[in-house]
8 protein chains.
Amino acid sequence: MNVTVYLAGEIHSTWRDEIKKKSAALNLPVEFVGPMEDHDRSDNIGEEILGEQPNAVFKDAAASSFNNLRTTVLMQKADLVIALFGEQYKQWNTAMDASAALALDKPVIIIRPEKLHHPLKELSRKANATVENCDQAIKALSYIFE
Amino acid sequence: MNVTVYLAGEIHSTWRDEIKKKSAALNLPVEFVGPMEDHDRSDNIGEEILGEQPNAVFKDAAASSFNNLRTTVLMQKADLVIALFGEQYKQWNTAMDASAALALDKPVIIIRPEKLHHPLKELSRKANATVENCDQAIKALSYIFE
Amino acid sequence: MNVTVYLAGEIHSTWRDEIKKKSAALNLPVEFVGPMEDHDRSDNIGEEILGEQPNAVFKDAAASSFNNLRTTVLMQKADLVIALFGEQYKQWNTAMDASAALALDKPVIIIRPEKLHHPLKELSRKANATVENCDQAIKALSYIFE
Amino acid sequence: MNVTVYLAGEIHSTWRDEIKKKSAALNLPVEFVGPMEDHDRSDNIGEEILGEQPNAVFKDAAASSFNNLRTTVLMQKADLVIALFGEQYKQWNTAMDASAALALDKPVIIIRPEKLHHPLKELSRKANATVENCDQAIKALSYIFE
Amino acid sequence: MNVTVYLAGEIHSTWRDEIKKKSAALNLPVEFVGPMEDHDRSDNIGEEILGEQPNAVFKDAAASSFNNLRTTVLMQKADLVIALFGEQYKQWNTAMDASAALALDKPVIIIRPEKLHHPLKELSRKANATVENCDQAIKALSYIFE
Amino acid sequence: MNVTVYLAGEIHSTWRDEIKKKSAALNLPVEFVGPMEDHDRSDNIGEEILGEQPNAVFKDAAASSFNNLRTTVLMQKADLVIALFGEQYKQWNTAMDASAALALDKPVIIIRPEKLHHPLKELSRKANATVENCDQAIKALSYIFE
Amino acid sequence: MNVTVYLAGEIHSTWRDEIKKKSAALNLPVEFVGPMEDHDRSDNIGEEILGEQPNAVFKDAAASSFNNLRTTVLMQKADLVIALFGEQYKQWNTAMDASAALALDKPVIIIRPEKLHHPLKELSRKANATVENCDQAIKALSYIFE
Amino acid sequence: MNVTVYLAGEIHSTWRDEIKKKSAALNLPVEFVGPMEDHDRSDNIGEEILGEQPNAVFKDAAASSFNNLRTTVLMQKADLVIALFGEQYKQWNTAMDASAALALDKPVIIIRPEKLHHPLKELSRKANATVENCDQAIKALSYIFE
């Protein structure tokens with residue numbers, strides 16, 4: 001019984017490393033996938049592949065083609081999605097990924113600091129579980145295999 | 001051929017009235033539905049129905065039960081979703097609604113000021129169309145019936 | 001915007017009448033459907049249609065064919081399911097109906113006395129909302145149309 | 001051809017061990033998964049991960065988040081569900097699991113003592129097969145591979 | 001609450017008229033649809049539309065295009081399928097229609113003389129109910145609206 | 001029993017008028033929908049709504065947003081798709097519409113001159129029926145209601 | 001790229017052995033599954049597991065529970081279904097299996113003697129391909145891997 | 001994490017070899033599948049299996065049965081589709097394959113020379129990404145695994 005977990009959410013901190021290390025320490029039978037974590041590369045991938053675009057909006061549109069392609073392929077392989085919301089940035093693509101996963105019947109764990117409870121209340125209520133930090137998410141993940 | 005449109009997004013401005021008036025002026029065969037627009041009532045509906053909750057997080061969880069219930073019933077009736085993102089607030093439930101609609105194969109028009117193009121790029125790329133104001137959204141809606 | 005509501009659950013009390021009257025008093029645009037409420041007829045319908053069966057187990061199997069047929073046709077028409085659990089009886093078919101509705105993406109409101117929270121905790125967590133009496137369920141239903 | 005079987009139902013007896021041993025004795029190519037079988041841990045997992053909750057209802061809500069998460073991940077991996085109903089307890093989550101599996105087109109075998117035929121009649125009629133003990137369930141499972 | 005019923009099965013007897021008359025006599029809110037009942041026309045419709053075909057096999061292939069087109073459009077509109085098996089003919093398209101309906105989660109009532117129980121046993125077990133004559137089918141249909 | 005038919009395919013001839021007139025002459029209970037038939041408007045709709053685009057490729061991308069939006073809303077309402085292929089133009093969006101309809105289980109009738117049989121052979125084999133002219137398509141449509 | 005093929009249809013001849021041998025001779029990467037081929041065991045499996053039933057109809061109902069369970073588990077694993085119709089017997093379960101597979105988007109090859117073309121015309125038209133013997137079916141299967 | 005990619009589109013050039021070589025050079029964990037690339041064999045496979053057909057249209061119909069069978073089995077195994085449009089031929093089956101993949105939620109990359117932007121604009125807008133050559137497609141594919 002192997003489980004693939006998509007790690008959605010912010011790419012400016014090292015939370016994915018923390019999750020992966022703690023999962024490995026517990027020998028959980030989990031393979032992690034997720035978005036491009038190099039923020040610059042994620043922003044530039046459209047122009048890198050298609051060449052220079054007319055302006056910043058079109059540059060973004062081009063980049064998002066390839067970011068969505070990556071997410072779609074990998075999330076369709078996932079059995080579970082963990083989505084982390086931090087206090088900075090709009091993070092609408094995190095909400096998009098978590099919501100798409102739920103609509104496709106993939107279980108979702110949300111990690112968010114308690115202070116974000118109000119703007120996340122509807123998404124939290126739809127998610128299978130909401131926790132406040134990576135340690136709690138690992139306990140939830142580990143509980144599946146106990 | 002009647003079409004039901006769910007108007008997702010911010011509830012602090014009068015954009016829904018603008019959309020409804022302009023649609024009516026064009027005699028579009030459209031019925032509009034959407035979330036509770038009275039912000040206080042939307043925040044308090046959980047305690048109003050279930051009584052006082054232990055703290056603000058549980059108050060939010062209770063409210064979101066009924067907000068999600070409303071959204072789910074009405075969005076399942078919708079043939080099209082128009083989602084407006086403004087410059088204020090986190091608006092993660094707007095992203096959640098738009099993404100859920102897309103995952104369920106319901107067409108989505110996003111309205112957002114151009115300056116929000118970067119954080120919305122992945123969701124915009126998935127949406128059927130992205131416009132910058134209500135007039136453009138009405139033109140897109142009207143085009144369906146011409 | 002008319003909504004069809006399936007009223008699942010116990011057929012030994014008059015809770016459906018209470019729901020219907022209160023909905024009518026509020027002029028909610030709702031049509032209610034539900035199971036056969038005459039308990040004896042529900043138990044005997046198999047033999048009534050197919051004739052005498054070899055024993056009580058086969059009598060039950062025959063009856064459940066027609067009860068499930070009715071439920072399936074009517075629940076597929078429903079936009080929302082309200083399921084009431086009382087303190088008596090096993091009520092596994094109530095749990096079955098609520099769970100099937102959720103698996104088919106139909107929103108579910110559970111009504112149960114607080115004292116049943118423990119055995120219903122997993123189903124309550126999956127349901128869109130859980131309330132304790134018909135008045136609260138009517139408030140939840142009414143909130144959809146405000 | 002390997003088959004994954006989810007063993008839903010009561011966690012107060014050793015029926016899962018019986019099923020697993022008899023399956024192993026027959027060298028069936030089956031992997032078994034199921035819920036947390038330590039009842040106390042299943043009841044406490046919410047507080048264990050999220051900390052103390054305001055009261056017993058919220059404690060249950062928290063626990064059910066993680067119990068449902070586990071069930072959802074594992075049942076989505078399952079090719080077949082065996083659900084055992086005993087004479088004690090409400091077992092609404094067993095009915096919930098069996099019904100969700102059926103709604104998702106996963107085949108279900110119900111094990112129940114004959115005396116429970118009446119309250120289980122509608123669920124039995126929907127299930128692929130109903131038997132009375134683990135030996136019969138093993139014969140049904142074994143028949144798939146003969 | 002109106003219900004559309006597709007009447008699948010043999011087109012050499014008048015069973016559809018019997019069903020329709022008895023339904024009308026009970027004022028059931030049911031609209032009936034079904035296949036072309038003029039057998040010759042059903043066999044010739046391919047050549048009638050496309051012109052003469054090279055041989056009997058191709059004539060059949062052409063006819064079945066239009067027969068399947070009709071069935072697909074009408075059955076997708078149906079809430080319920082009643083399929084009658086008689087003692088003559090292969091009736092594989094009746095089995096095809098009933099099985100397709102079941103796979104698409106449309107409830108199915110099978111009408112068959114008891115003597116056909118053996119060859120129909122697997123399909124009967126999948127159907128929601130199996131009866132032996134039109135009167136019983138009408139009782140089952142009527143029970144949905146009581 | 002009303003049926004909605006989406007008329008996909010070339011917008012340079014008057015075949016839709018022919019279909020509509022002949023359907024009306026037969027009093028078929030059919031409502032027809034379809035793409036924008038004013039070719040220039042279909043090509044310019046993106047710039048009309050969003051303003052001038054950087055070049056012809058981006059102008060096309062903008063136009064296709066709104067053309068696909070229209071098609072998606074209307075085709076989801078359709079019970080049947082008739083797709084006409086003529087001898088001119090690439091008509092890849094006709095193939096796209098017919099294939100999407102088939103993948104979504106909507107029945108499809110293809111109209112094409114016999115000389116196009118080779119490049120259309122795979123799509124014809126998937127379609128419910130292939131005919132050579134509007135008269136034959138009307139006969140097929142009419143056959144559904146006889 | 002391994003492919004699982006369900007071999008539906010008559011269990012009175014050795015056609016499955018022929019298919020398996022010819023596939024093995026070509027080293028096709030195919031695993032074959034199918035129904036219980038011992039006809040008596042298939043008829044008796046219900047009583048074997050559940051004990052003596054009241055009469056032949058109930059014996060059949062019991063047996064079909066376990067036959068359908070086996071078919072459902074194995075066909076859900078299949079990438080392709082080959083269904084053989086012979087000249088004897090009603091074979092309604094063969095039509096049921098082929099039709100269920102098609103409704104679930106599983107490709108189907110039908111094998112039937114040409115003389116059965118008329119009663120099988122609608123099912124043949126829905127199937128991906130119809131051939132007349134095992135050699136042709138093997139060529140079709142082999143073509144997938146060339 | 002292995003990914004299966006279906007290479008749809010023209011079979012008259014060596015673009016599949018280019019994609020496969022470049023993928024191998026990058027050690028991407030990808031298995032490629034696709035249609036029969038021997039054009040004559042693809043056109044003749046119907047008569048090869050079923051024998052001589054009455055005329056060219058029926059020969060095409062027979063061939064397309066087996067070509068569609070192959071495509072259906074292999075595309076259902078695919079996680080991603082790359083579809084190449086060249087300047088010659090109608091290529092309606094390429095549009096059919098790309099559109100079916102999109103309707104089934106399989107991500108699609110289109111490769112087309114810029115000059116084809118106009119006739120492909122609606123399909124490009126639906127695809128996850130559109131590029132102009134195999135090098136760009138490989139960069140997009142490689143980006144999924146970085």
# chains A, B, ... in the order shown; residues from 1 in each chain; ligands from 1

$ calpha_fit_and_write --fixed "chain H" --moving "chain B" --output "PDB file with C-alpha atoms, in the first residue's frame"
ATOM      1  CA  MET B   1       6.427   8.204 -10.495  1.00  0.00           C
ATOM      2  CA  ASN B   2       6.186   6.923 -14.061  1.00  0.00           C
ATOM      3  CA  VAL B   3       4.133   8.716 -16.674  1.00  0.00           C
ATOM      4  CA  THR B   4       2.563   7.274 -19.825  1.00  0.00           C
ATOM      5  CA  VAL B   5       2.295   9.657 -22.776  1.00  0.00           C
ATOM      6  CA  TYR B   6       0.114   9.067 -25.833  1.00  0.00           C
ATOM      7  CA  LEU B   7       1.565  10.632 -28.975  1.00  0.00           C
ATOM      8  CA  ALA B   8      -1.395  11.573 -31.180  1.00  0.00           C
ATOM      9  CA  GLY B   9      -1.179  13.022 -34.637  1.00  0.00           C
ATOM     10  CA  GLU B  10       0.421  12.678 -37.998  1.00  0.00           C
ATOM     11  CA  ILE B  11       2.062   9.376 -38.914  1.00  0.00           C
ATOM     12  CA  HIS B  12       3.918  10.556 -42.009  1.00  0.00           C
ATOM     13  CA  SER B  13       6.923  12.097 -40.314  1.00  0.00           C
ATOM     14  CA  THR B  14       9.418  10.941 -37.696  1.00  0.00           C
ATOM     15  CA  TRP B  15       8.406  13.307 -34.916  1.00  0.00           C
ATOM     16  CA  ARG B  16       7.666  10.431 -32.499  1.00  0.00           C
ATOM     17  CA  ASP B  17      11.242   9.194 -32.827  1.00  0.00           C
ATOM     18  CA  GLU B  18      12.522  12.678 -32.085  1.00  0.00           C
ATOM     19  CA  ILE B  19      10.360  12.915 -28.967  1.00  0.00           C
ATOM     20  CA  LYS B  20      11.385   9.470 -27.755  1.00  0.00           C
ATOM     21  CA  LYS B  21      15.111  10.048 -28.312  1.00  0.00           C
ATOM     22  CA  LYS B  22      15.120  13.387 -26.550  1.00  0.00           C
ATOM     23  CA  SER B  23      13.096  12.002 -23.662  1.00  0.00           C
ATOM     24  CA  ALA B  24      15.518   9.095 -23.325  1.00  0.00           C
ATOM     25  CA  ALA B  25      18.500  11.454 -23.428  1.00  0.00           C
ATOM     26  CA  LEU B  26      17.011  13.275 -20.456  1.00  0.00           C
ATOM     27  CA  ASN B  27      16.202  10.023 -18.653  1.00  0.00           C
ATOM     28  CA  LEU B  28      12.587  11.085 -18.249  1.00  0.00           C
ATOM     29  CA  PRO B  29      10.506   8.349 -16.543  1.00  0.00           C
ATOM     30  CA  VAL B  30       8.105   8.222 -19.486  1.00  0.00           C
ATOM     31  CA  GLU B  31       6.606   5.377 -21.514  1.00  0.00           C
ATOM     32  CA  PHE B  32       5.287   6.415 -24.927  1.00  0.00           C
ATOM     33  CA  VAL B  33       2.323   4.849 -26.689  1.00  0.00           C
ATOM     34  CA  GLY B  34       0.466   5.876 -29.828  1.00  0.00           C
ATOM     35  CA  PRO B  35      -1.371   4.872 -32.981  1.00  0.00           C
ATOM     36  CA  MET B  36      -0.192   2.433 -35.657  1.00  0.00           C
ATOM     37  CA  GLU B  37       2.459   4.426 -37.523  1.00  0.00           C
ATOM     38  CA  ASP B  38       2.540   2.293 -40.666  1.00  0.00           C
ATOM     39  CA  HIS B  39      -0.010   4.241 -42.722  1.00  0.00           C
ATOM     40  CA  ASP B  40      -0.840   1.423 -45.127  1.00  0.00           C
ATOM     41  CA  ARG B  41      -1.319  -1.041 -42.319  1.00  0.00           C
ATOM     42  CA  SER B  42      -3.545   1.446 -40.517  1.00  0.00           C
ATOM     43  CA  ASP B  43      -5.676   1.791 -43.656  1.00  0.00           C
ATOM     44  CA  ASN B  44      -5.806  -1.937 -44.357  1.00  0.00           C
ATOM     45  CA  ILE B  45      -6.224  -3.395 -40.874  1.00  0.00           C
ATOM     46  CA  GLY B  46      -9.990  -3.780 -41.283  1.00  0.00           C
ATOM     47  CA  GLU B  47      -9.744  -5.935 -44.381  1.00  0.00           C
ATOM     48  CA  GLU B  48      -6.756  -7.763 -42.959  1.00  0.00           C
ATOM     49  CA  ILE B  49      -8.843  -8.957 -40.041  1.00  0.00           C
ATOM     50  CA  LEU B  50     -12.366  -9.109 -41.475  1.00  0.00           C
ATOM     51  CA  GLY B  51     -11.662  -9.816 -45.141  1.00  0.00           C
ATOM     52  CA  GLU B  52     -12.537  -7.784 -48.202  1.00  0.00           C
ATOM     53  CA  GLN B  53     -15.207  -5.152 -47.742  1.00  0.00           C
ATOM     54  CA  PRO B  54     -17.815  -4.017 -50.314  1.00  0.00           C
ATOM     55  CA  ASN B  55     -16.179  -0.661 -51.122  1.00  0.00           C
ATOM     56  CA  ALA B  56     -13.783   1.986 -49.898  1.00  0.00           C
ATOM     57  CA  VAL B  57     -16.210   3.455 -47.379  1.00  0.00           C
ATOM     58  CA  PHE B  58     -16.807   0.086 -45.727  1.00  0.00           C
ATOM     59  CA  LYS B  59     -13.082  -0.676 -45.873  1.00  0.00           C
ATOM     60  CA  ASP B  60     -12.520   2.550 -43.940  1.00  0.00           C
ATOM     61  CA  ALA B  61     -15.257   1.738 -41.443  1.00  0.00           C
ATOM     62  CA  ALA B  62     -13.685  -1.670 -40.794  1.00  0.00           C
ATOM     63  CA  ALA B  63     -10.204  -0.199 -40.372  1.00  0.00           C
ATOM     64  CA  SER B  64     -11.400   2.523 -38.037  1.00  0.00           C
ATOM     65  CA  SER B  65     -12.936  -0.113 -35.697  1.00  0.00           C
ATOM     66  CA  PHE B  66      -9.508  -1.487 -34.970  1.00  0.00           C
ATOM     67  CA  ASN B  67      -7.709   1.856 -35.005  1.00  0.00           C
ATOM     68  CA  ASN B  68     -10.192   3.262 -32.486  1.00  0.00           C
ATOM     69  CA  LEU B  69      -9.906   0.096 -30.391  1.00  0.00           C
ATOM     70  CA  ARG B  70      -6.135   0.522 -30.201  1.00  0.00           C
ATOM     71  CA  THR B  71      -6.386   4.224 -29.424  1.00  0.00           C
ATOM     72  CA  THR B  72      -9.008   3.713 -26.746  1.00  0.00           C
ATOM     73  CA  VAL B  73      -7.061   1.049 -24.862  1.00  0.00           C
ATOM     74  CA  LEU B  74      -3.785   2.965 -25.006  1.00  0.00           C
ATOM     75  CA  MET B  75      -5.147   6.439 -24.356  1.00  0.00           C
ATOM     76  CA  GLN B  76      -7.007   5.224 -21.280  1.00  0.00           C
ATOM     77  CA  LYS B  77      -3.600   4.154 -19.953  1.00  0.00           C
ATOM     78  CA  ALA B  78      -2.076   7.581 -20.678  1.00  0.00           C
ATOM     79  CA  ASP B  79      -1.446  10.312 -18.113  1.00  0.00           C
ATOM     80  CA  LEU B  80      -0.751  12.943 -20.775  1.00  0.00           C
ATOM     81  CA  VAL B  81      -1.388  13.377 -24.503  1.00  0.00           C
ATOM     82  CA  ILE B  82       0.897  15.184 -26.932  1.00  0.00           C
ATOM     83  CA  ALA B  83      -0.870  15.913 -30.239  1.00  0.00           C
ATOM     84  CA  LEU B  84       1.045  17.143 -33.278  1.00  0.00           C
ATOM     85  CA  PHE B  85      -0.675  18.924 -36.162  1.00  0.00           C
ATOM     86  CA  GLY B  86       1.265  19.289 -39.393  1.00  0.00           C
ATOM     87  CA  GLU B  87       0.456  21.368 -42.436  1.00  0.00           C
ATOM     88  CA  GLN B  88      -0.786  18.523 -44.591  1.00  0.00           C
ATOM     89  CA  TYR B  89      -3.874  16.338 -44.351  1.00  0.00           C
ATOM     90  CA  LYS B  90      -7.167  16.874 -42.621  1.00  0.00           C
ATOM     91  CA  GLN B  91      -5.993  15.296 -39.325  1.00  0.00           C
ATOM     92  CA  TRP B  92      -9.494  15.161 -37.889  1.00  0.00           C
ATOM     93  CA  ASN B  93      -8.591  12.085 -35.888  1.00  0.00           C
ATOM     94  CA  THR B  94      -5.822  14.093 -34.208  1.00  0.00           C
ATOM     95  CA  ALA B  95      -8.379  16.712 -33.203  1.00  0.00           C
ATOM     96  CA  MET B  96     -10.713  13.908 -32.119  1.00  0.00           C
ATOM     97  CA  ASP B  97      -8.042  12.315 -29.912  1.00  0.00           C
ATOM     98  CA  ALA B  98      -6.980  15.605 -28.327  1.00  0.00           C
ATOM     99  CA  SER B  99     -10.560  16.630 -27.647  1.00  0.00           C
ATOM    100  CA  ALA B 100     -11.528  13.257 -26.210  1.00  0.00           C
ATOM    101  CA  ALA B 101      -8.486  13.391 -23.924  1.00  0.00           C
ATOM    102  CA  LEU B 102      -9.449  16.865 -22.692  1.00  0.00           C
ATOM    103  CA  ALA B 103     -13.054  15.812 -22.091  1.00  0.00           C
ATOM    104  CA  LEU B 104     -11.736  12.909 -20.018  1.00  0.00           C
ATOM    105  CA  ASP B 105      -9.516  15.295 -17.970  1.00  0.00           C
ATOM    106  CA  LYS B 106      -6.257  14.083 -19.456  1.00  0.00           C
ATOM    107  CA  PRO B 107      -3.770  16.950 -19.903  1.00  0.00           C
ATOM    108  CA  VAL B 108      -2.897  17.776 -23.531  1.00  0.00           C
ATOM    109  CA  ILE B 109       0.097  19.518 -25.149  1.00  0.00           C
ATOM    110  CA  ILE B 110      -0.483  20.580 -28.767  1.00  0.00           C
ATOM    111  CA  ILE B 111       2.452  20.947 -31.161  1.00  0.00           C
ATOM    112  CA  ARG B 112       1.661  22.970 -34.256  1.00  0.00           C
ATOM    113  CA  PRO B 113       3.522  25.367 -36.549  1.00  0.00           C
ATOM    114  CA  GLU B 114       2.566  28.957 -35.765  1.00  0.00           C
ATOM    115  CA  LYS B 115       0.887  29.328 -39.128  1.00  0.00           C
ATOM    116  CA  LEU B 116      -1.840  26.912 -38.054  1.00  0.00           C
ATOM    117  CA  HIS B 117      -2.862  29.116 -35.140  1.00  0.00           C
ATOM    118  CA  HIS B 118      -6.140  30.256 -36.658  1.00  0.00           C
ATOM    119  CA  PRO B 119      -7.874  26.924 -37.409  1.00  0.00           C
ATOM    120  CA  LEU B 120      -6.565  25.470 -34.135  1.00  0.00           C
ATOM    121  CA  LYS B 121      -7.465  28.411 -31.921  1.00  0.00           C
ATOM    122  CA  GLU B 122     -10.417  26.831 -30.084  1.00  0.00           C
ATOM    123  CA  LEU B 123      -8.599  23.540 -29.498  1.00  0.00           C
ATOM    124  CA  SER B 124      -5.419  25.355 -28.416  1.00  0.00           C
ATOM    125  CA  ARG B 125      -7.389  27.396 -25.903  1.00  0.00           C
ATOM    126  CA  LYS B 126      -8.761  24.194 -24.359  1.00  0.00           C
ATOM    127  CA  ALA B 127      -5.403  22.382 -24.341  1.00  0.00           C
ATOM    128  CA  ASN B 128      -3.118  22.776 -21.347  1.00  0.00           C
ATOM    129  CA  ALA B 129      -0.311  24.161 -23.504  1.00  0.00           C
ATOM    130  CA  THR B 130       0.455  24.813 -27.169  1.00  0.00           C
ATOM    131  CA  VAL B 131       4.010  24.779 -28.501  1.00  0.00           C
ATOM    132  CA  GLU B 132       5.554  24.962 -31.962  1.00  0.00           C
ATOM    133  CA  ASN B 133       8.022  22.103 -32.080  1.00  0.00           C
ATOM    134  CA  CYS B 134       9.205  18.921 -30.418  1.00  0.00           C
ATOM    135  CA  ASP B 135      11.981  20.651 -28.486  1.00  0.00           C
ATOM    136  CA  GLN B 136       9.455  22.833 -26.734  1.00  0.00           C
ATOM    137  CA  ALA B 137       7.222  19.832 -26.036  1.00  0.00           C
ATOM    138  CA  ILE B 138      10.168  18.013 -24.467  1.00  0.00           C
ATOM    139  CA  LYS B 139      10.901  21.057 -22.292  1.00  0.00           C
ATOM    140  CA  ALA B 140       7.284  21.040 -21.145  1.00  0.00           C
ATOM    141  CA  LEU B 141       7.407  17.316 -20.449  1.00  0.00           C
ATOM    142  CA  SER B 142      10.716  17.598 -18.653  1.00  0.00           C
ATOM    143  CA  TYR B 143       9.400  20.461 -16.492  1.00  0.00           C
ATOM    144  CA  ILE B 144       6.927  18.043 -14.890  1.00  0.00           C
ATOM    145  CA  PHE B 145       9.768  16.048 -13.352  1.00  0.00           C
ATOM    146  CA  GLU B 146      12.224  18.791 -12.340  1.00  0.00           C
TER     147      GLU B 146
END

$ select_by_dssp --residues "chain D" --states "alpha helix (DSSP H)" --output "PyMOL selection string"
chain D and resi 15-25+39-50+56-77+92-103+121-126+134-143

$ select_by_dssp --residues "range 19-78 of chain A" --states "strand (DSSP E or B)" --output "number ranges by chain"
A: 30-33
